[in-house]
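Note: the block below is work_24.csv and it holds CSV, C-alpha atoms.
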```csv
chain,number,residue,atom,x,y,z
A,14,MET,CA,34.5,5.5,-3.8
A,15,LEU,CA,33.4,8.2,-6.2
A,16,THR,CA,31.6,11.2,-4.9
A,17,PRO,CA,28.4,12.0,-6.7
A,18,LEU,CA,29.9,14.9,-8.6
A,19,VAL,CA,32.9,12.9,-9.7
A,20,GLY,CA,30.5,10.1,-10.6
A,21,LEU,CA,28.5,12.4,-12.8
A,22,ARG,CA,31.6,13.5,-14.7
A,23,PHE,CA,33.0,10.0,-14.9
A,24,TYR,CA,29.8,8.0,-15.8
A,25,GLY,CA,27.5,10.7,-17.1
A,26,PHE,CA,24.2,11.4,-15.4
A,27,GLY,CA,22.3,8.4,-17.0
A,28,MET,CA,24.8,5.8,-15.9
A,29,PHE,CA,25.2,7.4,-12.4
A,30,ALA,CA,21.4,7.3,-12.0
A,31,LYS,CA,21.3,3.7,-13.1
A,32,ILE,CA,24.1,2.8,-10.5
A,33,CYS,CA,22.1,4.6,-7.7
A,34,GLN,CA,18.9,2.8,-8.8
A,35,ASP,CA,20.7,-0.6,-8.7
A,36,LEU,CA,22.1,0.1,-5.3
A,37,TYR,CA,18.7,1.2,-3.9
A,38,TYR,CA,16.4,-1.3,-5.5
A,39,GLY,CA,18.7,-4.1,-6.6
A,40,ARG,CA,18.8,-5.1,-10.3
A,41,MET,CA,15.7,-4.1,-12.2
A,42,SER,CA,13.7,-6.4,-14.3
A,43,THR,CA,11.7,-5.2,-17.3
A,44,MET,CA,7.9,-5.6,-17.6
A,45,ASN,CA,5.9,-4.2,-20.5
A,46,ILE,CA,2.4,-3.2,-19.8
A,47,SER,CA,-0.2,-2.5,-22.5
A,48,LEU,CA,-2.6,0.4,-21.6
A,49,PRO,CA,-5.5,1.9,-23.4
A,50,GLU,CA,-4.6,5.4,-24.7
A,51,MET,CA,-6.8,7.0,-22.0
A,52,LEU,CA,-4.8,5.3,-19.2
A,53,LYS,CA,-1.5,6.0,-20.8
A,54,ALA,CA,-2.5,9.7,-21.0
A,55,PHE,CA,-3.4,9.6,-17.3
A,56,VAL,CA,0.0,8.1,-16.4
A,57,ASP,CA,1.9,10.6,-18.6
A,58,GLU,CA,0.0,13.4,-16.9
A,59,GLN,CA,0.8,12.1,-13.4
A,60,VAL,CA,4.4,11.8,-14.3
A,61,SER,CA,4.7,15.4,-15.5
A,62,GLN,CA,2.5,16.9,-12.8
A,63,ARG,CA,3.9,15.0,-9.8
A,64,GLY,CA,7.6,15.2,-10.6
A,65,TYR,CA,8.3,11.6,-11.6
A,66,GLY,CA,11.2,11.2,-14.0
A,67,THR,CA,9.6,8.3,-15.9
A,68,SER,CA,6.4,6.3,-16.0
A,69,SER,CA,8.3,3.5,-14.4
A,70,GLU,CA,9.0,5.6,-11.3
A,71,TYR,CA,5.3,6.3,-11.1
A,72,VAL,CA,4.3,2.7,-11.4
A,73,ARG,CA,6.9,1.6,-8.9
A,74,GLU,CA,5.5,4.1,-6.4
A,75,LEU,CA,1.9,2.8,-7.0
A,76,ILE,CA,3.1,-0.7,-6.3
A,77,ARG,CA,5.0,0.3,-3.2
A,78,LYS,CA,1.8,2.0,-1.9
A,79,GLU,CA,-0.2,-1.1,-2.6
A,80,GLN,CA,2.3,-3.2,-0.7
A,81,GLU,CA,2.0,-0.9,2.2
A,82,ARG,CA,-1.8,-0.9,2.0
A,83,GLN,CA,-1.8,-4.7,2.0
A,84,GLN,CA,0.6,-4.9,5.0
A,85,LEU,CA,-1.6,-2.4,6.9
A,86,ARG,CA,-4.7,-4.4,6.1
A,87,GLY,CA,-3.1,-7.6,7.4
A,88,LEU,CA,-2.1,-5.9,10.6
A,89,LEU,CA,-5.7,-4.5,11.0
A,90,LEU,CA,-7.2,-7.9,10.4
A,91,ALA,CA,-4.8,-9.5,12.8
A,92,GLY,CA,-5.7,-6.9,15.4
A,93,ALA,CA,-9.4,-7.4,14.9
A,94,ALA,CA,-8.9,-11.2,15.3
A,95,SER,CA,-6.9,-10.9,18.5
A,96,LYS,CA,-8.4,-11.2,22.0
A,97,PRO,CA,-9.6,-7.9,23.6
A,98,MET,CA,-7.1,-6.2,25.8
A,99,PRO,CA,-7.7,-4.1,28.9
A,100,PRO,CA,-8.4,-0.4,28.3
A,101,VAL,CA,-5.5,1.9,27.9
A,102,ASP,CA,-6.0,4.5,30.5
A,103,GLY,CA,-4.1,6.4,33.2
A,104,ALA,CA,-3.7,3.2,35.3
A,105,TYR,CA,-2.2,1.4,32.3
A,106,PHE,CA,0.4,4.1,31.8
A,107,GLU,CA,1.2,4.3,35.5
A,108,ALA,CA,1.8,0.6,35.5
A,109,LEU,CA,4.2,1.0,32.5
A,110,ARG,CA,6.0,3.8,34.4
A,111,SER,CA,6.3,1.6,37.5
A,112,GLN,CA,7.7,-1.2,35.5
A,113,ALA,CA,10.2,1.1,33.8
A,114,ARG,CA,11.4,2.5,37.1
A,115,ARG,CA,11.9,-1.1,38.4
A,116,THR,CA,14.1,-2.0,35.4
A,117,LEU,CA,16.2,1.1,35.5
A,118,PRO,CA,19.5,0.9,37.5
```

Produce C-alpha cells that represent the structure in this file.
Amino acid sequence: MLTPLVGLRFYGFGMFAKICQDLYYGRMSTMNISLPEMLKAFVDEQVSQRGYGTSSEYVRELIRKEQERQQLRGLLLAGAASKPMPPVDGAYFEALRSQARRTLP
C-alpha cells in the first residue's frame, strides 16, 4: 500500500485526491445543474469563504445535511407517533442501575 506522500509523488495530487474520493464515497457520477447567475455567484462565494475545494464538494455537503435533516425528521415523527412512556426521573435511573447490577457478574 502506498503511503500518502509516496502516493502524491507517484500519482500526482489530483490523481491521489481522486483515489481517496473513490475510496470514501465510492465511484462518483456526474450531474450538471443549471443555476441562475445569482445562485452560481452565491455557491462560488460559499466555496471560497468556507474552504471547499470545489462547488461539487459544497453541493455534496448540502445534500448530506438534507439527508441528515430528513432522517432526524423521520425519527421525531416516529417518536411523536409512539405511545407515551413513563417519566424519566430519579426512580427510572435507579431501576436502570438495579438492572445493571443484576446483570453484572

Using all atoms listed in the file, find the one residue out of A:Ala104, A:Ser61, A:Tyr38, A:Cys33 that sits nearest to Arg77 of chain A.
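Going through A:Ala104, A:Ser61, A:Tyr38, A:Cys33 one by one, the smallest distance to Arg77 of chain A is for A:Tyr38.
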
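Going from atom CA of Asn45 of chain A over to atom CA of Ser69 of chain A, you cover 10.1 Å.
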
In Å, with one decimal, what is the gap from atom CA of Tyr71 of chain A to atom CA of Leu48 of chain A?
14.4 Å

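Between atom CA of Val101 of chain A and atom CA of Leu85 of chain A the interatomic distance comes to 21.8 Å.
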
Contacts of Ile46 of chain A at 12 Å (all atoms listed in the file; same-chain gap of 4+ positions) as a PyMOL selection string
chain A and resi 52-53+68-69+72

Using all atoms listed in the file, which of the listed residues (A:Ala91, A:Leu109, A:Glu70, A:Thr116) sits closest to Val56 of chain A?
A:Glu70
